[in-house]
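Here is the structure we will look at, set down as structure tokens.
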Amino acid sequence: MALNARVEVENVSVWFPLYHGSSRSLKKMVVAAASGRLAHDQQQRVVVRALRDINLHLERGDRLGLVGSNGAGKTTLLRVLAGIYEPAIGRLRVQGSLNALLDPSLGMNMELTGRENILLRGLYNGLPKSALPRLEEDVAEFAGLADFIDLPVRIYSAGMVVRLGFALATAIKPQILLMDEWFLAGDAAFLEKARHRLEAMVRGAEILVLSSHQSDIIRDWCTRVLWLDQGQVVADGPAADVLARYLGSAPEQPAVAALA
Amino acid sequence: MSTAVTTAAATTDLDLRADMSVAARHRLAVDDLIRGARLWRLAWGLGWLDIRLRYRGSMLGPFWLTISTGVMVAALGFLYSTLFKMNLRDYLPFLALSQVLWGFLAAVVSDACTTFTDAESVIRSVRMPFFVFSARTLIRNIIALAHNIVVIVVVFAIFSLWPGWDILMALPGLLLWVIDALALTLLLGAFCARFRDIQPIVNSVMQIMFFVTPVIWKPSQVGAVVEKLPFNPFYDLLEIVRGPLLGDGGATGMTWVGAILYSLALCSISWAFFVRARGRVTFWI
């Protein structure tokens with residue numbers, strides 16, 4: 001880890017073209033092009049402006065919380081930072097190792113055993129073979145699945161799947177940690193253990209970007225808060241100030257909410 | 001503390017901008033291929049997984065592929081050798097070889113369409129080189145081909161045929177297949193993600209190609225039309241591998257010229273499209 005982690009977002013906008021009905025069909029596009037309507041068609045394409053003109057600079061030590069109502073663009077912004085959605089306008093620069101905890105069951109296969117899933121995740125992360133035994137030991141121990149580790153995930157209880165998913169997602173230590181709110185699921189005893197592990201990981205990360213509806217988590221972990229509404233930045237500043245404004249403007253969101 | 005996190009993530013260095021120069025777009029596409037190739041163990045693992053899961057719970061596993069191909073070849077062999085009034089000893093080895101090789105080509109073309117749409121959940125939750133999914137599609141089909149090769153070996157053994165060391169002449173052809181398959185998965189994978197009516201079109205085209213390409217009939221049966229066969233890209237590609245394996249002196253220069261020209265065209269179109277579409281595929285799937 002030679003270089004300090006850094007994230008720079010300059011004037012980034014992301015549009016989602018809504019492909020449905022006729023724009024999904026090559027036939028209709030060809031017919032439209034042949035009749036000279038293509039340009040016209042392109043202009044009238046329905047797009048959702050998921051993010052508009054976002055500017056953001058994060059340096060080592062920054063702990064950013066994302067707040068906003070459902071559909072405000074929090075998850076989209078995390079995906080942009082992770083390099084999944086490439087900006088339609090603007091520029092994104094990311095330096096340093098990155099881990100995005102967006103999908104709790106990423107690459108998990110229900111037919112494979114717990115152990116095989118751990119190895120598969122190791123492959124997804126491009127880990128060298130030598131790192132795999134350590135990953136396996138770490139995840140198996142944390143998930144606490146005992147003998148179930150060698151049985152297919154399909155027969156696990158819901159709680160066990162969550163534990164395995166969490167252990168897998170948090171087994172890789174990044175410089176830049178992007179986190180969506182899903183990780184707060186799980187039973188109470190596990191939640192305590194999970195919080196410890198997550199806190200260790202958050203402390204270890206140089207940059208944290210966390211999206212959550214729970215203002216107490218944001219208050220505990222973040223030093224800076226970005227308030228998004230309809231893809232635009234409403235406020236960006238010290239956690240206490242922005243949170244106070246955000247909570248003052250709208251009733252607090254319920255703790256469990258659908259992901260945007 | 002036992003909950004300590006130990007494994008470090010790989011470093012990323014991203015510089016993505018909307019108004020990228022053409023050179024920058026090419027660099028990112030090349031970077032995709034390089035990073036994808038480095039993840040070959042993942043592609044290999046996923047390819048095997050696809051096959052394993054398809055035949056999960058069955059006693060024979062992927063050898064069902066071998067059996068169904070074997071039954072198909074035997075049935076078609078007896079039927080067509082009667083219809084075409086051909087000696088079974090001449091016809092069956094040809095048919096076994098053609099059927100297995102064509103099976104691979106047709107499956108690659110058909111699977112190419114779903115290369116990226118099948119990986120939707122992964123593509124949307126982690127930045128992953130698209131080339132990994134191309135390699136996965138190719139590897140899955142190579143594994144299936146390897147199981148089907150048993151049918152060819154058995155048929156050749158029954159008639160105690162040995163094509164001789166000409167067999168090695170098939171290797172350059174197979175290499176060209178690998179390159180073409182990767183190019184095709186990148187092209188059709190992205191194109192079918194954008195336009196959802198492509199896959200049915202591709203499947204019907206392949207259905208027609210099966211009949212107009214000498215798979216179940218021999219090129220020698222069509223008389224003068226044989227001259228025009230090299231215009232069919234599938235004929236050229238099939239012949240550069242099948243010719244040497246049949247031990248009939250290998251493919252002619254004309255088929256190689258055709259195969260290389262068609263491959264160049266495919267690779268250029270595929271590359272041009274991939275360079276443009278790479279950043280957009282995530283929005284399409």
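Identifiers in the structure tokens: chain A, B, ... in order shown; residue index from 1 per chain; ligand index from 1 in order shown.
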Name all residues at most 7 Å from Ala88 of chain A (count only C-alpha atoms; drop same-chain ones fewer than 3 positions away) and give them as a PyMOL selection string.
(chain A and resi 13-15) or (chain B and resi 18)
Could you please select, counting only C-alpha atoms, the residues of chain A within 7 Å of chain B and state them as a VMD selection string?
chain A and resid 16 24 to 26 82 to 100 102 to 103 106 to 107 123 to 124 126 135 142 171 to 174 197 200 to 201
Residues at most 9 Å from segment 49-62 of chain A, counting only C-alpha atoms, excluding those fewer than 3 positions away in the same chain, as an mmCIF file with N, CA, C and O atoms, in the first residue's frame?
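Listing of part.cif after writing:
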data_model
loop_
_atom_site.group_PDB
_atom_site.id
_atom_site.type_symbol
_atom_site.label_atom_id
_atom_site.label_comp_id
_atom_site.auth_asym_id
_atom_site.auth_seq_id
_atom_site.Cartn_x
_atom_site.Cartn_y
_atom_site.Cartn_z
ATOM 1 N N ASN A 4 -1.346 6.808 -0.786
ATOM 2 C CA ASN A 4 -2.511 7.119 0.022
ATOM 3 C C ASN A 4 -3.766 6.982 -0.821
ATOM 4 O O ASN A 4 -3.781 7.343 -1.993
ATOM 5 N N ALA A 5 -4.808 6.476 -0.201
ATOM 6 C CA ALA A 5 -6.065 6.325 -0.926
ATOM 7 C C ALA A 5 -6.655 7.705 -1.215
ATOM 8 O O ALA A 5 -6.516 8.637 -0.429
ATOM 9 N N ARG A 6 -7.297 7.810 -2.372
ATOM 10 C CA ARG A 6 -7.892 9.092 -2.752
ATOM 11 C C ARG A 6 -9.057 8.841 -3.697
ATOM 12 O O ARG A 6 -9.005 7.963 -4.543
ATOM 13 N N VAL A 7 -10.112 9.597 -3.520
ATOM 14 C CA VAL A 7 -11.266 9.513 -4.424
ATOM 15 C C VAL A 7 -11.588 10.915 -4.891
ATOM 16 O O VAL A 7 -11.705 11.834 -4.084
ATOM 17 N N GLU A 8 -11.679 11.089 -6.203
ATOM 18 C CA GLU A 8 -12.061 12.398 -6.734
ATOM 19 C C GLU A 8 -13.207 12.238 -7.703
ATOM 20 O O GLU A 8 -13.126 11.473 -8.658
ATOM 21 N N VAL A 9 -14.263 12.937 -7.448
ATOM 22 C CA VAL A 9 -15.433 12.909 -8.322
ATOM 23 C C VAL A 9 -15.630 14.333 -8.818
ATOM 24 O O VAL A 9 -15.805 15.248 -8.019
ATOM 25 N N GLU A 10 -15.570 14.505 -10.132
ATOM 26 C CA GLU A 10 -15.712 15.857 -10.684
ATOM 27 C C GLU A 10 -16.918 15.928 -11.604
ATOM 28 O O GLU A 10 -16.969 15.243 -12.617
ATOM 29 N N ASN A 11 -17.862 16.739 -11.263
ATOM 30 C CA ASN A 11 -19.054 17.002 -12.099
ATOM 31 C C ASN A 11 -19.693 15.746 -12.652
ATOM 32 O O ASN A 11 -20.073 15.710 -13.813
ATOM 33 N N VAL A 12 -19.796 14.728 -11.850
ATOM 34 C CA VAL A 12 -20.289 13.461 -12.383
ATOM 35 C C VAL A 12 -21.815 13.435 -12.446
ATOM 36 O O VAL A 12 -22.496 13.789 -11.489
ATOM 37 N N SER A 13 -22.310 13.060 -13.606
ATOM 38 C CA SER A 13 -23.735 12.788 -13.761
ATOM 39 C C SER A 13 -23.890 11.377 -14.294
ATOM 40 O O SER A 13 -23.057 10.911 -15.073
ATOM 41 N N VAL A 14 -24.934 10.708 -13.850
ATOM 42 C CA VAL A 14 -25.233 9.373 -14.374
ATOM 43 C C VAL A 14 -26.673 9.342 -14.813
ATOM 44 O O VAL A 14 -27.561 9.756 -14.069
ATOM 45 N N TRP A 15 -26.878 8.905 -16.034
ATOM 46 C CA TRP A 15 -28.238 8.764 -16.560
ATOM 47 C C TRP A 15 -28.519 7.301 -16.812
ATOM 48 O O TRP A 15 -27.682 6.598 -17.347
ATOM 49 N N PHE A 16 -29.698 6.900 -16.480
ATOM 50 C CA PHE A 16 -30.123 5.562 -16.857
ATOM 51 C C PHE A 16 -31.074 5.679 -18.011
ATOM 52 O O PHE A 16 -32.186 6.168 -17.846
ATOM 53 N N PRO A 17 -30.646 5.233 -19.180
ATOM 54 C CA PRO A 17 -31.623 5.178 -20.260
ATOM 55 C C PRO A 17 -32.631 4.093 -19.899
ATOM 56 O O PRO A 17 -32.234 3.031 -19.415
ATOM 57 N N GLY A 71 -34.253 6.193 -3.366
ATOM 58 C CA GLY A 71 -34.200 6.682 -4.732
ATOM 59 C C GLY A 71 -33.469 8.010 -4.865
ATOM 60 O O GLY A 71 -33.509 8.639 -5.915
ATOM 61 N N ALA A 72 -32.782 8.433 -3.795
ATOM 62 C CA ALA A 72 -32.061 9.707 -3.874
ATOM 63 C C ALA A 72 -30.759 9.562 -4.647
ATOM 64 O O ALA A 72 -30.163 10.556 -5.045
ATOM 65 N N GLY A 73 -30.309 8.324 -4.861
ATOM 66 C CA GLY A 73 -29.078 8.110 -5.614
ATOM 67 C C GLY A 73 -27.916 7.628 -4.763
ATOM 68 O O GLY A 73 -26.775 7.613 -5.223
ATOM 69 N N THR A 76 -26.537 4.364 -6.196
ATOM 70 C CA THR A 76 -25.935 4.678 -7.494
ATOM 71 C C THR A 76 -24.581 5.353 -7.299
ATOM 72 O O THR A 76 -23.611 5.019 -7.989
ATOM 73 N N LEU A 77 -24.509 6.275 -6.335
ATOM 74 C CA LEU A 77 -23.229 6.947 -6.087
ATOM 75 C C LEU A 77 -22.179 5.935 -5.620
ATOM 76 O O LEU A 77 -21.028 5.978 -6.065
ATOM 77 N N ILE A 89 -21.262 11.890 -17.676
ATOM 78 C CA ILE A 89 -20.645 13.208 -17.741
ATOM 79 C C ILE A 89 -19.704 13.284 -16.557
ATOM 80 O O ILE A 89 -20.021 12.786 -15.478
ATOM 81 N N GLY A 90 -18.554 13.951 -16.760
ATOM 82 C CA GLY A 90 -17.664 14.157 -15.642
ATOM 83 C C GLY A 90 -16.563 13.133 -15.543
ATOM 84 O O GLY A 90 -16.325 12.381 -16.485
ATOM 85 N N GLN A 175 -8.429 -0.284 1.336
ATOM 86 C CA GLN A 175 -8.106 1.071 1.778
ATOM 87 C C GLN A 175 -9.358 1.936 1.718
ATOM 88 O O GLN A 175 -9.545 2.825 2.515
ATOM 89 N N ILE A 176 -10.178 1.661 0.698
ATOM 90 C CA ILE A 176 -11.413 2.417 0.529
ATOM 91 C C ILE A 176 -12.573 1.446 0.711
ATOM 92 O O ILE A 176 -12.686 0.462 -0.016
ATOM 93 N N ALA A 205 -9.760 0.934 7.341
ATOM 94 C CA ALA A 205 -9.877 1.572 6.030
ATOM 95 C C ALA A 205 -9.447 3.028 6.116
ATOM 96 O O ALA A 205 -9.665 3.680 7.128
ATOM 97 N N GLU A 206 -8.847 3.511 5.035
ATOM 98 C CA GLU A 206 -8.428 4.912 5.044
ATOM 99 C C GLU A 206 -9.610 5.819 4.712
ATOM 100 O O GLU A 206 -9.701 6.940 5.183
ATOM 101 N N ILE A 207 -10.491 5.315 3.840
ATOM 102 C CA ILE A 207 -11.664 6.096 3.447
ATOM 103 C C ILE A 207 -12.891 5.211 3.602
ATOM 104 O O ILE A 207 -12.886 4.058 3.194
ATOM 105 N N LEU A 208 -13.922 5.766 4.207
ATOM 106 C CA LEU A 208 -15.178 5.035 4.350
ATOM 107 C C LEU A 208 -16.293 5.843 3.696
ATOM 108 O O LEU A 208 -16.413 7.044 3.911
ATOM 109 N N VAL A 209 -17.082 5.188 2.873
ATOM 110 C CA VAL A 209 -18.314 5.804 2.375
ATOM 111 C C VAL A 209 -19.445 4.866 2.748
ATOM 112 O O VAL A 209 -19.460 3.704 2.347
ATOM 113 N N CYS A 222 -19.319 8.423 11.028
ATOM 114 C CA CYS A 222 -18.924 9.353 9.969
ATOM 115 C C CYS A 222 -18.562 10.719 10.526
ATOM 116 O O CYS A 222 -19.131 11.179 11.515
ATOM 117 N N THR A 223 -17.606 11.353 9.833
ATOM 118 C CA THR A 223 -17.235 12.704 10.221
ATOM 119 C C THR A 223 -17.838 13.714 9.263
ATOM 120 O O THR A 223 -17.891 14.897 9.546
ATOM 121 N N ARG A 224 -18.277 13.208 8.114
ATOM 122 C CA ARG A 224 -18.793 14.113 7.099
ATOM 123 C C ARG A 224 -20.030 13.470 6.500
ATOM 124 O O ARG A 224 -20.089 12.245 6.361
ATOM 125 N N GLN A 230 -32.927 13.345 -5.008
ATOM 126 C CA GLN A 230 -33.177 13.219 -6.445
ATOM 127 C C GLN A 230 -31.903 13.376 -7.247
ATOM 128 O O GLN A 230 -31.863 14.066 -8.260
ATOM 129 N N GLY A 231 -30.841 12.749 -6.783
ATOM 130 C CA GLY A 231 -29.591 12.726 -7.526
ATOM 131 C C GLY A 231 -28.752 13.981 -7.394
ATOM 132 O O GLY A 231 -27.716 14.095 -8.034
ATOM 133 N N GLN A 232 -29.201 14.925 -6.577
ATOM 134 C CA GLN A 232 -28.420 16.150 -6.425
ATOM 135 C C GLN A 232 -27.963 16.311 -4.984
ATOM 136 O O GLN A 232 -28.624 15.836 -4.054
ATOM 137 N N VAL A 233 -26.831 17.013 -4.829
ATOM 138 C CA VAL A 233 -26.332 17.253 -3.481
ATOM 139 C C VAL A 233 -27.125 18.388 -2.851
ATOM 140 O O VAL A 233 -27.202 19.481 -3.411
#
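Across the structure, atom CA of Leu266 of chain B and atom CA of Leu187 of chain B are spaced 8.8 Å apart.
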Among segment 8-209 of chain B, which ones does DSSP place in strand (DSSP E), written as a tab-separated table (two decimals) with N, CA and C atoms, in the first residue's frame?
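Writing done, so here's selection.tsv:
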chain	number	residue	atom	x	y	z
B	8	ALA	N	-5.92	-8.69	2.37
B	8	ALA	CA	-5.96	-7.35	1.79
B	8	ALA	C	-6.53	-7.39	0.37
B	11	THR	N	-5.18	-3.63	-5.29
B	11	THR	CA	-5.25	-2.18	-5.54
B	11	THR	C	-5.95	-1.87	-6.85
B	12	THR	N	-6.68	-0.79	-6.82
B	12	THR	CA	-7.33	-0.31	-8.03
B	12	THR	C	-6.74	1.05	-8.35
B	13	ASP	N	-6.77	1.41	-9.58
B	13	ASP	CA	-6.37	2.75	-9.96
B	13	ASP	C	-7.27	3.14	-11.10
B	14	LEU	N	-8.33	3.84	-10.78
B	14	LEU	CA	-9.35	4.13	-11.79
B	14	LEU	C	-9.23	5.57	-12.25
B	15	ASP	N	-9.40	5.76	-13.54
B	15	ASP	CA	-9.55	7.12	-14.05
B	15	ASP	C	-10.58	7.05	-15.16
B	16	LEU	N	-11.82	7.30	-14.81
B	16	LEU	CA	-12.91	7.18	-15.78
B	16	LEU	C	-13.46	8.56	-16.06
B	17	ARG	N	-13.60	8.88	-17.33
B	17	ARG	CA	-14.21	10.17	-17.66
B	17	ARG	C	-15.13	9.99	-18.83
Could you pull out the alpha helix (DSSP H) residues of segment 4-237 of chain B, going by DSSP on the backbone, and write them as a count of residues only?
155
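When only C-alpha atoms are used to measure the gap to Pro104 of chain A, the shortest distance among A:Val31, A:Leu210, A:Leu177, A:Phe166 belongs to A:Phe166.
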Per-residue nearest contacts of segment 97-145 of chain B to segment 164-183 of chain B (12 Å; only C-alpha atoms) as CSV:
residue,atom,partner,partner_atom,distance
B:Leu101,CA,B:Leu174,CA,10.3
B:Trp102,CA,B:Trp177,CA,11.7
B:Phe104,CA,B:Trp177,CA,10.0
B:Leu105,CA,B:Ala181,CA,8.4
B:Ala106,CA,B:Ala181,CA,10.7
B:Ala107,CA,B:Ala181,CA,10.3
B:Val108,CA,B:Ala181,CA,6.6
B:Val109,CA,B:Ala181,CA,7.8
B:Ser110,CA,B:Ala181,CA,10.9
B:Asp111,CA,B:Ala181,CA,10.2
B:Ala112,CA,B:Ala181,CA,8.1
B:Cys113,CA,B:Ala181,CA,11.7
B:Thr115,CA,B:Leu182,CA,10.5
B:Phe130,CA,B:Leu182,CA,11.0
B:Phe131,CA,B:Leu182,CA,8.2
B:Val132,CA,B:Leu182,CA,10.1
B:Phe133,CA,B:Leu182,CA,9.6
B:Ser134,CA,B:Leu182,CA,5.8
B:Ala135,CA,B:Leu182,CA,6.7
B:Arg136,CA,B:Leu182,CA,9.6
B:Thr137,CA,B:Leu182,CA,8.5
B:Leu138,CA,B:Ala181,CA,6.6
B:Ile139,CA,B:Val178,CA,9.6
B:Arg140,CA,B:Ala181,CA,11.7
B:Asn141,CA,B:Ala181,CA,9.9
B:Ile142,CA,B:Val178,CA,9.2
B:Leu145,CA,B:Leu174,CA,11.8
Prev. selection, N, CA, C and O atoms, output as a CSV table (one decimal), in the first residue's frame:
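As written to disk, again.csv reads:
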chain,number,residue,atom,x,y,z
B,101,LEU,N,-18.1,-31.3,-33.5
B,101,LEU,CA,-17.5,-30.0,-33.8
B,101,LEU,C,-18.6,-28.9,-34.0
B,101,LEU,O,-18.5,-27.8,-33.5
B,102,TRP,N,-19.6,-29.3,-34.8
B,102,TRP,CA,-20.7,-28.3,-35.0
B,102,TRP,C,-21.4,-28.0,-33.7
B,102,TRP,O,-21.8,-26.8,-33.4
B,104,PHE,N,-20.2,-27.8,-30.8
B,104,PHE,CA,-19.4,-26.8,-30.1
B,104,PHE,C,-19.6,-25.4,-30.7
B,104,PHE,O,-19.9,-24.4,-30.0
B,105,LEU,N,-19.5,-25.3,-32.0
B,105,LEU,CA,-19.7,-24.0,-32.7
B,105,LEU,C,-21.0,-23.4,-32.4
B,105,LEU,O,-21.2,-22.2,-32.0
B,106,ALA,N,-22.1,-24.2,-32.6
B,106,ALA,CA,-23.5,-23.7,-32.4
B,106,ALA,C,-23.7,-23.3,-30.9
B,106,ALA,O,-24.3,-22.3,-30.7
B,107,ALA,N,-23.1,-24.1,-30.0
B,107,ALA,CA,-23.3,-23.7,-28.6
B,107,ALA,C,-22.6,-22.5,-28.2
B,107,ALA,O,-23.1,-21.6,-27.4
B,108,VAL,N,-21.4,-22.3,-28.8
B,108,VAL,CA,-20.7,-21.0,-28.5
B,108,VAL,C,-21.5,-19.8,-29.0
B,108,VAL,O,-21.6,-18.8,-28.3
B,109,VAL,N,-22.0,-19.9,-30.2
B,109,VAL,CA,-22.7,-18.8,-30.8
B,109,VAL,C,-24.0,-18.5,-29.9
B,109,VAL,O,-24.3,-17.4,-29.6
B,110,SER,N,-24.7,-19.5,-29.5
B,110,SER,CA,-25.9,-19.4,-28.8
B,110,SER,C,-25.6,-18.8,-27.4
B,110,SER,O,-26.3,-17.9,-26.9
B,111,ASP,N,-24.6,-19.4,-26.7
B,111,ASP,CA,-24.2,-19.0,-25.4
B,111,ASP,C,-23.7,-17.5,-25.3
B,111,ASP,O,-23.8,-16.8,-24.3
B,112,ALA,N,-23.0,-17.2,-26.5
B,112,ALA,CA,-22.4,-15.8,-26.5
B,112,ALA,C,-23.4,-14.8,-26.2
B,112,ALA,O,-23.2,-13.7,-25.6
B,113,CYS,N,-24.7,-15.0,-26.6
B,113,CYS,CA,-25.8,-14.0,-26.5
B,113,CYS,C,-26.0,-13.7,-25.0
B,113,CYS,O,-26.5,-12.6,-24.7
B,115,THR,N,-23.8,-14.1,-22.5
B,115,THR,CA,-22.6,-14.0,-21.7
B,115,THR,C,-22.7,-13.0,-20.6
B,115,THR,O,-22.3,-13.2,-19.5
B,130,PHE,N,-15.0,-7.6,-18.1
B,130,PHE,CA,-16.1,-8.3,-18.9
B,130,PHE,C,-15.5,-9.5,-19.5
B,130,PHE,O,-16.2,-10.5,-19.8
B,131,PHE,N,-14.1,-9.5,-19.8
B,131,PHE,CA,-13.5,-10.6,-20.5
B,131,PHE,C,-13.6,-11.9,-19.7
B,131,PHE,O,-13.6,-13.0,-20.2
B,132,VAL,N,-13.7,-11.8,-18.3
B,132,VAL,CA,-13.8,-12.9,-17.5
B,132,VAL,C,-15.1,-13.7,-17.9
B,132,VAL,O,-15.0,-15.0,-18.0
B,133,PHE,N,-16.2,-13.0,-18.2
B,133,PHE,CA,-17.4,-13.7,-18.5
B,133,PHE,C,-17.3,-14.4,-19.9
B,133,PHE,O,-17.9,-15.4,-20.2
B,134,SER,N,-16.6,-13.7,-20.8
B,134,SER,CA,-16.3,-14.3,-22.1
B,134,SER,C,-15.5,-15.6,-22.0
B,134,SER,O,-15.9,-16.6,-22.6
B,135,ALA,N,-14.5,-15.5,-21.2
B,135,ALA,CA,-13.7,-16.7,-21.0
B,135,ALA,C,-14.5,-17.8,-20.3
B,135,ALA,O,-14.3,-19.0,-20.7
B,136,ARG,N,-15.4,-17.4,-19.4
B,136,ARG,CA,-16.2,-18.4,-18.8
B,136,ARG,C,-17.1,-19.2,-19.8
B,136,ARG,O,-17.2,-20.4,-19.8
B,137,THR,N,-17.7,-18.4,-20.7
B,137,THR,CA,-18.5,-19.0,-21.7
B,137,THR,C,-17.7,-20.0,-22.6
B,137,THR,O,-18.1,-21.1,-22.9
B,138,LEU,N,-16.5,-19.5,-23.0
B,138,LEU,CA,-15.6,-20.4,-23.8
B,138,LEU,C,-15.3,-21.7,-23.0
B,138,LEU,O,-15.4,-22.8,-23.6
B,139,ILE,N,-14.8,-21.5,-21.8
B,139,ILE,CA,-14.4,-22.6,-21.0
B,139,ILE,C,-15.5,-23.7,-20.8
B,139,ILE,O,-15.3,-24.9,-20.9
B,140,ARG,N,-16.7,-23.1,-20.5
B,140,ARG,CA,-17.8,-24.0,-20.3
B,140,ARG,C,-18.0,-24.9,-21.5
B,140,ARG,O,-18.2,-26.1,-21.5
B,141,ASN,N,-17.9,-24.3,-22.7
B,141,ASN,CA,-18.1,-25.0,-24.0
B,141,ASN,C,-17.0,-26.0,-24.3
B,141,ASN,O,-17.2,-27.0,-24.9
B,142,ILE,N,-15.8,-25.6,-23.9
B,142,ILE,CA,-14.6,-26.4,-24.2
B,142,ILE,C,-14.8,-27.7,-23.3
B,142,ILE,O,-14.5,-28.8,-23.8
B,145,LEU,N,-17.2,-29.9,-25.0
B,145,LEU,CA,-16.6,-30.5,-26.1
B,145,LEU,C,-15.7,-31.6,-25.7
B,145,LEU,O,-15.7,-32.7,-26.4
